[in-house]
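As provided, final.pdb (PDB, C-alpha atoms, pLDDT in the B column) reads as follows.
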```
ATOM      1  CA  MET A   1       4.128  -4.057 -21.149  1.00 75.00           C
ATOM      2  CA  PRO A   2       0.372  -3.903 -21.928  1.00 84.00           C
ATOM      3  CA  THR A   3      -1.731  -4.294 -18.805  1.00 93.00           C
ATOM      4  CA  GLU A   4      -5.300  -5.174 -17.970  1.00 94.00           C
ATOM      5  CA  ILE A   5      -7.449  -3.860 -15.119  1.00 96.00           C
ATOM      6  CA  THR A   6     -10.375  -5.869 -13.830  1.00 97.00           C
ATOM      7  CA  SER A   7     -12.955  -5.281 -11.086  1.00 98.00           C
ATOM      8  CA  LEU A   8     -13.252  -7.943  -8.387  1.00 98.00           C
ATOM      9  CA  GLN A   9     -15.209  -9.005  -5.317  1.00 98.00           C
ATOM     10  CA  ILE A  10     -13.186 -10.630  -2.538  1.00 98.00           C
ATOM     11  CA  PRO A  11     -15.019 -12.838  -0.024  1.00 98.00           C
ATOM     12  CA  THR A  12     -14.239 -11.910   3.599  1.00 98.00           C
ATOM     13  CA  THR A  13     -15.591 -12.915   6.992  1.00 97.00           C
ATOM     14  CA  ASP A  14     -17.720  -9.747   6.973  1.00 97.00           C
ATOM     15  CA  GLY A  15     -18.990  -9.771   3.394  1.00 97.00           C
ATOM     16  CA  ARG A  16     -17.353  -8.999   0.089  1.00 98.00           C
ATOM     17  CA  ALA A  17     -14.671  -6.400  -0.501  1.00 98.00           C
ATOM     18  CA  ASP A  18     -14.780  -4.623  -3.835  1.00 98.00           C
ATOM     19  CA  ALA A  19     -11.357  -4.357  -5.424  1.00 98.00           C
ATOM     20  CA  PHE A  20      -9.516  -4.116  -8.692  1.00 98.00           C
ATOM     21  CA  ALA A  21      -6.447  -5.831 -10.060  1.00 98.00           C
ATOM     22  CA  ALA A  22      -3.927  -4.690 -12.636  1.00 98.00           C
ATOM     23  CA  PHE A  23      -1.714  -7.250 -14.347  1.00 98.00           C
ATOM     24  CA  PRO A  24       0.241  -7.868 -17.550  1.00 97.00           C
ATOM     25  CA  ASP A  25      -1.969  -8.848 -20.450  1.00 95.00           C
ATOM     26  CA  ASP A  26       0.274 -11.671 -21.609  1.00 96.00           C
ATOM     27  CA  GLY A  27      -1.425 -14.822 -20.325  1.00 95.00           C
ATOM     28  CA  GLU A  28       1.486 -15.575 -17.995  1.00 96.00           C
ATOM     29  CA  ARG A  29       1.600 -15.904 -14.208  1.00 97.00           C
ATOM     30  CA  HIS A  30       3.240 -13.074 -12.280  1.00 98.00           C
ATOM     31  CA  PRO A  31       4.189 -12.446  -8.639  1.00 98.00           C
ATOM     32  CA  GLY A  32       1.415 -10.971  -6.520  1.00 98.00           C
ATOM     33  CA  VAL A  33       1.514  -7.558  -4.885  1.00 98.00           C
ATOM     34  CA  LEU A  34      -1.162  -6.440  -2.429  1.00 99.00           C
ATOM     35  CA  MET A  35      -1.410  -2.644  -2.625  1.00 99.00           C
ATOM     36  CA  TYR A  36      -3.171  -0.701   0.116  1.00 98.00           C
ATOM     37  CA  GLY A  37      -4.114   2.795  -1.007  1.00 98.00           C
ATOM     38  CA  ASP A  38      -4.437   5.859   1.173  1.00 98.00           C
ATOM     39  CA  ALA A  39      -7.469   6.893   3.211  1.00 97.00           C
ATOM     40  CA  PHE A  40      -9.016   8.742   0.251  1.00 97.00           C
ATOM     41  CA  GLY A  41      -9.770   5.376  -1.319  1.00 97.00           C
ATOM     42  CA  ILE A  42      -9.879   3.857  -4.769  1.00 97.00           C
ATOM     43  CA  ARG A  43      -9.786   6.503  -7.500  1.00 97.00           C
ATOM     44  CA  PRO A  44      -8.008   7.149 -10.805  1.00 97.00           C
ATOM     45  CA  VAL A  45      -4.586   7.882  -9.289  1.00 98.00           C
ATOM     46  CA  LEU A  46      -4.488   4.460  -7.612  1.00 98.00           C
ATOM     47  CA  ARG A  47      -5.433   2.791 -10.875  1.00 98.00           C
ATOM     48  CA  GLU A  48      -2.592   4.651 -12.576  1.00 98.00           C
ATOM     49  CA  MET A  49      -0.082   3.551  -9.934  1.00 98.00           C
ATOM     50  CA  ALA A  50      -1.282  -0.054 -10.004  1.00 98.00           C
ATOM     51  CA  ARG A  51      -1.092  -0.097 -13.797  1.00 98.00           C
ATOM     52  CA  GLU A  52       2.445   1.305 -13.663  1.00 98.00           C
ATOM     53  CA  LEU A  53       3.536  -1.397 -11.223  1.00 98.00           C
ATOM     54  CA  ALA A  54       1.777  -4.131 -13.203  1.00 98.00           C
ATOM     55  CA  GLY A  55       3.684  -3.030 -16.264  1.00 97.00           C
ATOM     56  CA  HIS A  56       6.865  -4.182 -14.546  1.00 97.00           C
ATOM     57  CA  GLY A  57       5.561  -7.726 -14.343  1.00 97.00           C
ATOM     58  CA  TYR A  58       3.330  -7.978 -11.273  1.00 98.00           C
ATOM     59  CA  TYR A  59      -0.276  -8.843 -10.448  1.00 98.00           C
ATOM     60  CA  VAL A  60      -1.377  -5.897  -8.313  1.00 98.00           C
ATOM     61  CA  LEU A  61      -4.461  -6.279  -6.104  1.00 98.00           C
ATOM     62  CA  VAL A  62      -5.980  -3.070  -4.704  1.00 98.00           C
ATOM     63  CA  PRO A  63      -8.879  -3.598  -2.272  1.00 98.00           C
ATOM     64  CA  ASN A  64     -11.382  -1.099  -0.945  1.00 98.00           C
ATOM     65  CA  PHE A  65     -10.479  -1.762   2.681  1.00 98.00           C
ATOM     66  CA  PHE A  66     -13.433   0.340   3.865  1.00 98.00           C
ATOM     67  CA  TYR A  67     -15.862  -2.026   2.101  1.00 98.00           C
ATOM     68  CA  ARG A  68     -17.909  -2.547   5.288  1.00 98.00           C
ATOM     69  CA  HIS A  69     -19.241   0.966   4.770  1.00 98.00           C
ATOM     70  CA  GLY A  70     -20.083   0.392   1.106  1.00 97.00           C
ATOM     71  CA  PRO A  71     -18.385   0.076  -2.279  1.00 97.00           C
ATOM     72  CA  ALA A  72     -15.895   2.661  -3.513  1.00 97.00           C
ATOM     73  CA  PRO A  73     -16.146   5.558  -3.885  1.00 95.00           C
ATOM     74  CA  LEU A  74     -17.456   6.103  -0.373  1.00 94.00           C
ATOM     75  CA  ILE A  75     -17.076   9.863  -0.466  1.00 93.00           C
ATOM     76  CA  GLU A  76     -17.219  12.369  -3.274  1.00 93.00           C
ATOM     77  CA  LEU A  77     -13.732  13.668  -3.939  1.00 95.00           C
ATOM     78  CA  PRO A  78     -12.751  16.699  -5.978  1.00 94.00           C
ATOM     79  CA  GLU A  79     -10.758  15.893  -9.094  1.00 94.00           C
ATOM     80  CA  HIS A  80      -7.785  17.541  -7.403  1.00 97.00           C
ATOM     81  CA  ILE A  81      -7.586  17.551  -3.598  1.00 96.00           C
ATOM     82  CA  GLY A  82      -6.226  20.965  -2.690  1.00 95.00           C
ATOM     83  CA  GLU A  83      -5.295  22.215   0.750  1.00 92.00           C
ATOM     84  CA  GLU A  84      -8.646  23.966   0.996  1.00 95.00           C
ATOM     85  CA  ASP A  85     -10.423  20.629   0.373  1.00 95.00           C
ATOM     86  CA  ARG A  86      -8.378  18.522   2.759  1.00 93.00           C
ATOM     87  CA  PRO A  87     -10.100  19.374   6.097  1.00 94.00           C
ATOM     88  CA  ALA A  88     -13.560  18.448   4.789  1.00 95.00           C
ATOM     89  CA  VAL A  89     -12.288  15.259   3.158  1.00 96.00           C
ATOM     90  CA  ILE A  90     -10.366  14.229   6.270  1.00 95.00           C
ATOM     91  CA  ALA A  91     -13.479  14.823   8.376  1.00 96.00           C
ATOM     92  CA  GLN A  92     -15.330  12.308   6.216  1.00 96.00           C
ATOM     93  CA  VAL A  93     -12.642   9.621   6.145  1.00 96.00           C
ATOM     94  CA  MET A  94     -11.519   9.717   9.787  1.00 96.00           C
ATOM     95  CA  PRO A  95     -14.560   7.790  11.079  1.00 97.00           C
ATOM     96  CA  LEU A  96     -13.783   5.093   8.485  1.00 97.00           C
ATOM     97  CA  VAL A  97     -10.153   4.943   9.594  1.00 97.00           C
ATOM     98  CA  GLU A  98     -11.110   4.748  13.261  1.00 97.00           C
ATOM     99  CA  ALA A  99     -13.597   1.940  12.589  1.00 97.00           C
ATOM    100  CA  HIS A 100     -10.961  -0.101  10.755  1.00 97.00           C
ATOM    101  CA  THR A 101      -9.618  -1.895  13.817  1.00 97.00           C
ATOM    102  CA  ALA A 102      -6.519  -4.057  13.955  1.00 97.00           C
ATOM    103  CA  GLU A 103      -8.767  -7.114  14.141  1.00 98.00           C
ATOM    104  CA  ARG A 104     -10.506  -6.103  10.924  1.00 98.00           C
ATOM    105  CA  VAL A 105      -7.176  -5.396   9.239  1.00 98.00           C
ATOM    106  CA  LEU A 106      -5.852  -8.860  10.045  1.00 98.00           C
ATOM    107  CA  SER A 107      -9.061 -10.658   9.102  1.00 98.00           C
ATOM    108  CA  ASP A 108      -9.131  -8.854   5.772  1.00 98.00           C
ATOM    109  CA  ALA A 109      -5.431  -9.486   5.152  1.00 98.00           C
ATOM    110  CA  ASP A 110      -6.107 -13.215   5.430  1.00 98.00           C
ATOM    111  CA  ALA A 111      -8.851 -12.845   2.810  1.00 98.00           C
ATOM    112  CA  TYR A 112      -6.791 -10.720   0.430  1.00 98.00           C
ATOM    113  CA  LEU A 113      -3.750 -13.001   0.552  1.00 98.00           C
ATOM    114  CA  GLY A 114      -5.946 -16.071   0.252  1.00 98.00           C
ATOM    115  CA  PHE A 115      -7.638 -14.539  -2.776  1.00 98.00           C
ATOM    116  CA  LEU A 116      -4.283 -14.032  -4.476  1.00 98.00           C
ATOM    117  CA  THR A 117      -3.601 -17.768  -4.229  1.00 97.00           C
ATOM    118  CA  THR A 118      -6.772 -18.475  -6.236  1.00 96.00           C
ATOM    119  CA  ARG A 119      -5.940 -16.285  -9.205  1.00 97.00           C
ATOM    120  CA  PRO A 120      -4.700 -18.063 -12.328  1.00 97.00           C
ATOM    121  CA  GLU A 121      -2.686 -14.951 -13.238  1.00 97.00           C
ATOM    122  CA  VAL A 122      -0.663 -15.073  -9.976  1.00 98.00           C
ATOM    123  CA  ALA A 123       2.531 -17.075  -9.674  1.00 97.00           C
ATOM    124  CA  THR A 124       3.089 -19.391  -6.750  1.00 95.00           C
ATOM    125  CA  GLY A 125       5.561 -18.230  -4.137  1.00 95.00           C
ATOM    126  CA  PRO A 126       5.798 -15.221  -1.848  1.00 97.00           C
ATOM    127  CA  VAL A 127       4.036 -11.905  -2.339  1.00 98.00           C
ATOM    128  CA  ALA A 128       4.803  -8.290  -1.514  1.00 98.00           C
ATOM    129  CA  VAL A 129       2.661  -5.729   0.260  1.00 98.00           C
ATOM    130  CA  THR A 130       2.870  -2.000  -0.304  1.00 98.00           C
ATOM    131  CA  GLY A 131       0.895   0.812   1.263  1.00 98.00           C
ATOM    132  CA  TYR A 132       0.397   4.557   1.247  1.00 98.00           C
ATOM    133  CA  CYS A 133      -0.635   6.758   4.195  1.00 98.00           C
ATOM    134  CA  ILE A 134      -2.827   4.590   6.461  1.00 98.00           C
ATOM    135  CA  GLY A 135      -2.235   1.833   3.930  1.00 98.00           C
ATOM    136  CA  GLY A 136       1.364   1.757   5.149  1.00 98.00           C
ATOM    137  CA  LEU A 137       0.163   0.652   8.569  1.00 98.00           C
ATOM    138  CA  LEU A 138      -2.088  -1.965   6.967  1.00 98.00           C
ATOM    139  CA  ALA A 139       0.884  -3.215   4.969  1.00 98.00           C
ATOM    140  CA  MET A 140       2.954  -3.521   8.139  1.00 98.00           C
ATOM    141  CA  ARG A 141       0.223  -5.424   9.963  1.00 98.00           C
ATOM    142  CA  THR A 142      -0.206  -7.752   6.998  1.00 98.00           C
ATOM    143  CA  ALA A 143       3.521  -8.447   6.752  1.00 98.00           C
ATOM    144  CA  THR A 144       3.983  -9.126  10.461  1.00 97.00           C
ATOM    145  CA  ALA A 145       0.975 -11.458  10.529  1.00 97.00           C
ATOM    146  CA  HIS A 146       2.167 -13.485   7.504  1.00 97.00           C
ATOM    147  CA  PRO A 147       5.923 -13.915   7.872  1.00 94.00           C
ATOM    148  CA  GLY A 148       6.033 -16.989   5.660  1.00 89.00           C
ATOM    149  CA  ARG A 149       3.979 -15.436   2.886  1.00 96.00           C
ATOM    150  CA  VAL A 150       5.112 -11.805   2.590  1.00 98.00           C
ATOM    151  CA  ALA A 151       8.657 -11.436   1.286  1.00 98.00           C
ATOM    152  CA  ALA A 152       8.698  -7.653   0.949  1.00 98.00           C
ATOM    153  CA  VAL A 153       6.851  -4.718   2.458  1.00 98.00           C
ATOM    154  CA  ALA A 154       7.075  -1.085   1.373  1.00 98.00           C
ATOM    155  CA  ALA A 155       5.302   1.849   2.980  1.00 98.00           C
ATOM    156  CA  PHE A 156       5.239   5.480   1.948  1.00 98.00           C
ATOM    157  CA  HIS A 157       4.233   8.437   4.139  1.00 98.00           C
ATOM    158  CA  GLY A 158       2.637   5.900   6.488  1.00 97.00           C
ATOM    159  CA  PRO A 159       2.509   5.501  10.299  1.00 96.00           C
ATOM    160  CA  VAL A 160       4.687   2.410  10.172  1.00 96.00           C
ATOM    161  CA  GLY A 161       5.748   2.557  13.811  1.00 93.00           C
ATOM    162  CA  ALA A 162       2.253   2.974  15.223  1.00 94.00           C
ATOM    163  CA  ASP A 163       2.156  -0.528  16.717  1.00 94.00           C
ATOM    164  CA  GLY A 164       5.423  -0.066  18.588  1.00 92.00           C
ATOM    165  CA  PRO A 165       8.884  -1.648  18.419  1.00 91.00           C
ATOM    166  CA  GLU A 166       7.561  -5.095  19.358  1.00 90.00           C
ATOM    167  CA  SER A 167       5.687  -5.281  16.055  1.00 92.00           C
ATOM    168  CA  LEU A 168       8.906  -4.632  14.137  1.00 92.00           C
ATOM    169  CA  SER A 169      10.483  -7.678  15.757  1.00 90.00           C
ATOM    170  CA  LYS A 170       7.955  -9.874  13.921  1.00 92.00           C
ATOM    171  CA  LEU A 171       9.078  -8.729  10.478  1.00 95.00           C
ATOM    172  CA  THR A 172      10.798 -11.289   8.287  1.00 96.00           C
ATOM    173  CA  ALA A 173      10.149  -9.458   5.009  1.00 98.00           C
ATOM    174  CA  GLN A 174      12.635  -7.119   3.389  1.00 98.00           C
ATOM    175  CA  VAL A 175      11.485  -3.556   4.020  1.00 98.00           C
ATOM    176  CA  HIS A 176      11.535  -0.081   2.554  1.00 98.00           C
ATOM    177  CA  PHE A 177      10.032   2.919   4.319  1.00 98.00           C
ATOM    178  CA  GLY A 178       9.792   6.260   2.515  1.00 98.00           C
ATOM    179  CA  HIS A 179       8.854   8.967   5.016  1.00 98.00           C
ATOM    180  CA  ALA A 180       7.642  12.514   4.445  1.00 98.00           C
ATOM    181  CA  GLU A 181       9.559  15.339   6.083  1.00 97.00           C
ATOM    182  CA  THR A 182       6.354  16.484   7.750  1.00 95.00           C
ATOM    183  CA  ASP A 183       5.638  13.015   9.191  1.00 96.00           C
ATOM    184  CA  LEU A 184       8.932  12.160  10.830  1.00 93.00           C
ATOM    185  CA  THR A 185      11.743  14.172  12.403  1.00 94.00           C
ATOM    186  CA  PRO A 186      15.333  13.042  11.882  1.00 95.00           C
ATOM    187  CA  GLU A 187      15.389  12.077  15.565  1.00 97.00           C
ATOM    188  CA  ALA A 188      12.271   9.928  15.179  1.00 96.00           C
ATOM    189  CA  LEU A 189      13.769   8.339  12.065  1.00 97.00           C
ATOM    190  CA  THR A 190      16.896   7.417  14.026  1.00 97.00           C
ATOM    191  CA  GLU A 191      14.764   5.850  16.757  1.00 96.00           C
ATOM    192  CA  LEU A 192      12.715   3.869  14.242  1.00 97.00           C
ATOM    193  CA  ASN A 193      15.797   2.649  12.415  1.00 97.00           C
ATOM    194  CA  GLN A 194      17.452   1.630  15.683  1.00 97.00           C
ATOM    195  CA  SER A 195      14.388  -0.484  16.451  1.00 96.00           C
ATOM    196  CA  LEU A 196      14.647  -2.088  13.007  1.00 97.00           C
ATOM    197  CA  ASP A 197      18.345  -2.768  13.620  1.00 97.00           C
ATOM    198  CA  ALA A 198      17.590  -4.316  17.004  1.00 96.00           C
ATOM    199  CA  ALA A 199      14.966  -6.549  15.389  1.00 95.00           C
ATOM    200  CA  GLY A 200      17.408  -7.715  12.730  1.00 96.00           C
ATOM    201  CA  VAL A 201      15.231  -6.454   9.862  1.00 97.00           C
ATOM    202  CA  ASP A 202      16.690  -6.179   6.352  1.00 97.00           C
ATOM    203  CA  TYR A 203      15.558  -2.642   5.534  1.00 98.00           C
ATOM    204  CA  THR A 204      16.026   0.794   4.098  1.00 98.00           C
ATOM    205  CA  SER A 205      14.234   3.663   5.810  1.00 98.00           C
ATOM    206  CA  GLU A 206      14.660   7.284   4.822  1.00 98.00           C
ATOM    207  CA  ILE A 207      13.027  10.690   4.782  1.00 98.00           C
ATOM    208  CA  TYR A 208      12.366  11.816   1.218  1.00 98.00           C
ATOM    209  CA  PRO A 209      13.711  15.382   0.914  1.00 97.00           C
ATOM    210  CA  GLY A 210      11.290  18.261   0.476  1.00 97.00           C
ATOM    211  CA  THR A 211       8.157  16.184   0.980  1.00 98.00           C
ATOM    212  CA  VAL A 212       4.890  16.543   2.866  1.00 98.00           C
ATOM    213  CA  HIS A 213       2.438  13.827   3.830  1.00 97.00           C
ATOM    214  CA  GLY A 214       0.862  12.281   0.728  1.00 97.00           C
ATOM    215  CA  PHE A 215       3.733  13.045  -1.649  1.00 98.00           C
ATOM    216  CA  THR A 216       3.056  10.058  -3.948  1.00 98.00           C
ATOM    217  CA  MET A 217      -0.497  11.080  -4.838  1.00 98.00           C
ATOM    218  CA  SER A 218      -0.649  13.160  -8.022  1.00 98.00           C
ATOM    219  CA  ASP A 219      -4.245  14.263  -7.423  1.00 98.00           C
ATOM    220  CA  THR A 220      -3.342  16.233  -4.278  1.00 98.00           C
ATOM    221  CA  ASP A 221      -1.405  19.375  -3.432  1.00 97.00           C
ATOM    222  CA  ALA A 222       1.024  17.154  -1.506  1.00 97.00           C
ATOM    223  CA  PHE A 223       2.305  15.589  -4.727  1.00 98.00           C
ATOM    224  CA  ASN A 224       6.048  15.702  -5.337  1.00 98.00           C
ATOM    225  CA  PRO A 225       7.059  14.282  -8.748  1.00 98.00           C
ATOM    226  CA  SER A 226      10.695  13.666  -7.829  1.00 98.00           C
ATOM    227  CA  ALA A 227       9.656  11.886  -4.640  1.00 98.00           C
ATOM    228  CA  LEU A 228       7.243   9.688  -6.600  1.00 98.00           C
ATOM    229  CA  GLN A 229      10.116   8.721  -8.886  1.00 98.00           C
ATOM    230  CA  ARG A 230      12.286   8.030  -5.834  1.00 98.00           C
ATOM    231  CA  HIS A 231       9.485   5.774  -4.581  1.00 98.00           C
ATOM    232  CA  TRP A 232       9.632   3.741  -7.824  1.00 98.00           C
ATOM    233  CA  ASP A 233      13.429   3.700  -7.673  1.00 98.00           C
ATOM    234  CA  ARG A 234      13.222   2.085  -4.218  1.00 98.00           C
ATOM    235  CA  LEU A 235      10.152  -0.110  -4.711  1.00 98.00           C
ATOM    236  CA  LEU A 236      11.006  -1.825  -7.990  1.00 98.00           C
ATOM    237  CA  PRO A 237      14.455  -3.119  -6.934  1.00 98.00           C
ATOM    238  CA  LEU A 238      12.961  -4.361  -3.643  1.00 98.00           C
ATOM    239  CA  LEU A 239      10.353  -6.384  -5.522  1.00 98.00           C
ATOM    240  CA  GLY A 240      12.930  -7.569  -8.014  1.00 97.00           C
ATOM    241  CA  ARG A 241      15.102  -8.934  -5.193  1.00 96.00           C
ATOM    242  CA  THR A 242      12.328 -10.697  -3.307  1.00 98.00           C
ATOM    243  CA  LEU A 243       9.742 -11.935  -5.814  1.00 97.00           C
ATOM    244  CA  THR A 244      10.245 -14.455  -8.570  1.00 76.00           C
ATOM    245  CA  SER A 245       7.849 -16.018 -11.040  1.00 50.00           C
ATOM    246  CA  ASN A 246       7.351 -19.760 -10.783  1.00 42.00           C
TER
END
```

Using structure tokens, write down the structure that the file contains.
Amino acid sequence: MPTEITSLQIPTTDGRADAFAAFPDDGERHPGVLMYGDAFGIRPVLREMARELAGHGYYVLVPNFFYRHGPAPLIELPEHIGEEDRPAVIAQVMPLVEAHTAERVLSDADAYLGFLTTRPEVATGPVAVTGYCIGGLLAMRTATAHPGRVAAVAAFHGPVGADGPESLSKLTAQVHFGHAETDLTPEALTELNQSLDAAGVDYTSEIYPGTVHGFTMSDTDAFNPSALQRHWDRLLPLLGRTLTSN
């Protein structure tokens, strides 16, 4: 399906967040998906992933959630982020991550979801939220804060349990978590899944074999093509079950 990508400015309580959206170029309305990227920010690989998802019939909104520090790109990234580049890049993004408090996350989530309701290309009805790396935590916080609005949440190589088991009990969305082997031990996975069971969450949660943190991102040494495909194989059916055009 042909898709269009457009640059946007989203009004927030603290200014305007730069963002882009990818959506089918067919003049129809499609279910909304809020996509939180990883800490490295908006760059070509995120546009490629958003375009891929849009091609399956979704309006995909990707905000620069570090907009308070300036428009993307906030830091100069190498075309390919190798292991030798990672320490210097992480040193630049960690202050941005630390400044992005839970209060800011929730305030921005209100703005992003509200913005989706104003778009003529977005169908009425529930939305989904997906996130990568730190974006996985943002996706979780968005879903738990908007139980009547978010029907599905998916997070990949993200710290989804960072807010503790009590946050999981607030989930009403259907869930998929795709964990990296280097992020979660089998024992920690069991503990997380037991918390999801106790909370009555409709979920799948698994460690993707042979993966390291960041496995979905093709512009890094962490990239794992088979794990990226597994991510699509889990994400697309989840959205298909939970989102419908109206």

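Distance-wise, CA of Lys170 in chain A and CA of Tyr203 in chain A end up 13.4 Å apart.
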
Could you give me the axis-aligned bounding box of range 153-165 of chain A, with 3 Å of padding per side, as centre plus edge lengths in Å to one decimal, as JSON?
```
{"center_x": 5.5, "center_y": 1.9, "center_z": 10.0, "size_x": 12.7, "size_y": 19.2, "size_z": 23.2}
```

Selection under test: the PyMOL selection byres ((chain A and resi 122-133) around 9); residues as a ChimeraX atom specification = /A:28-39,58-59,113,116-121,134-140,142-143,148-159,173,213-214,216-217,235,239,242-246

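Across the model, the gap from CA of Ala145 in chain A to CA of Leu106 in chain A is 7.3 Å.
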
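Computed from the coordinates, the CA of Leu192 in chain A to CA of Thr144 in chain A distance equals 16.1 Å.
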
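Nearest-residue note for Gly240 in chain A: choosing from A:Pro87, A:Gln174, A:Pro78, A:Ile10, the minimum distance belongs to A:Gln174, counting only C-alpha atoms.
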
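Residues matched by the PyMOL selection byres ((chain A and resi 103) around 12) in this structure: Thr13, Asp14, Ala99, His100, Thr101, Ala102, Arg104, Val105, Leu106, Ser107, Asp108, Ala109, Asp110, Leu138, Arg141, Thr142 and Ala145 of chain A.
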
Given the file shown, enumerate the residues that the PyMOL selection byres ((chain A and resi 3) around 6) captures and present them as an MDAnalysis selection string.
-> chainID A and resid 2 4 23:25

Contacts of Ile42 in chain A at 12 Å or less, counting only C-alpha atoms, minus same-chain residues fewer than 5 places along, as a compact mmCIF listing (two decimals) with C-alpha atoms, keeping the file's coordinate frame?
```
# COMPACT_ATOMS: atom_id res chain seq x y z
CA SER A 7 -12.96 -5.28 -11.09
CA ASP A 18 -14.78 -4.62 -3.84
CA ALA A 19 -11.36 -4.36 -5.42
CA PHE A 20 -9.52 -4.12 -8.69
CA ALA A 21 -6.45 -5.83 -10.06
CA MET A 35 -1.41 -2.64 -2.62
CA TYR A 36 -3.17 -0.70 0.12
CA GLY A 37 -4.11 2.80 -1.01
CA ARG A 47 -5.43 2.79 -10.88
CA GLU A 48 -2.59 4.65 -12.58
CA MET A 49 -0.08 3.55 -9.93
CA ALA A 50 -1.28 -0.05 -10.00
CA LEU A 61 -4.46 -6.28 -6.10
CA VAL A 62 -5.98 -3.07 -4.70
CA PRO A 63 -8.88 -3.60 -2.27
CA ASN A 64 -11.38 -1.10 -0.94
CA PHE A 65 -10.48 -1.76 2.68
CA PHE A 66 -13.43 0.34 3.86
CA TYR A 67 -15.86 -2.03 2.10
CA PRO A 71 -18.39 0.08 -2.28
CA ALA A 72 -15.90 2.66 -3.51
CA PRO A 73 -16.15 5.56 -3.88
CA LEU A 74 -17.46 6.10 -0.37
CA ILE A 75 -17.08 9.86 -0.47
CA GLU A 76 -17.22 12.37 -3.27
CA LEU A 77 -13.73 13.67 -3.94
CA TYR A 132 0.40 4.56 1.25
CA GLY A 135 -2.24 1.83 3.93
CA MET A 217 -0.50 11.08 -4.84
```

Can you work out which one of A:Met94, A:Leu196, A:Ala111, A:Met1 has the shortest atom-to-atom distance to Leu53 in chain A, counting only C-alpha atoms?
-> A:Met1

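Using only C-alpha atoms, the residues found no farther than 10 Å from Tyr208 in chain A, other than those of its own chain fewer than 5 positions away, are Phe156, His157, Phe177, Gly178, His179, Ala180, Glu181, Phe215, Asn224, Ser226, Ala227, Leu228, Arg230 and His231 of chain A.
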
Shell around Ala188 in chain A at 12 Å using only C-alpha atoms, local window under 5 positions removed, as a list in words = Pro159, Val160, Gly161, His179, Ala180, Glu181, Thr182, Asp183, Asn193, Gln194, Ser195, Ser205, Glu206 and Ile207 of chain A
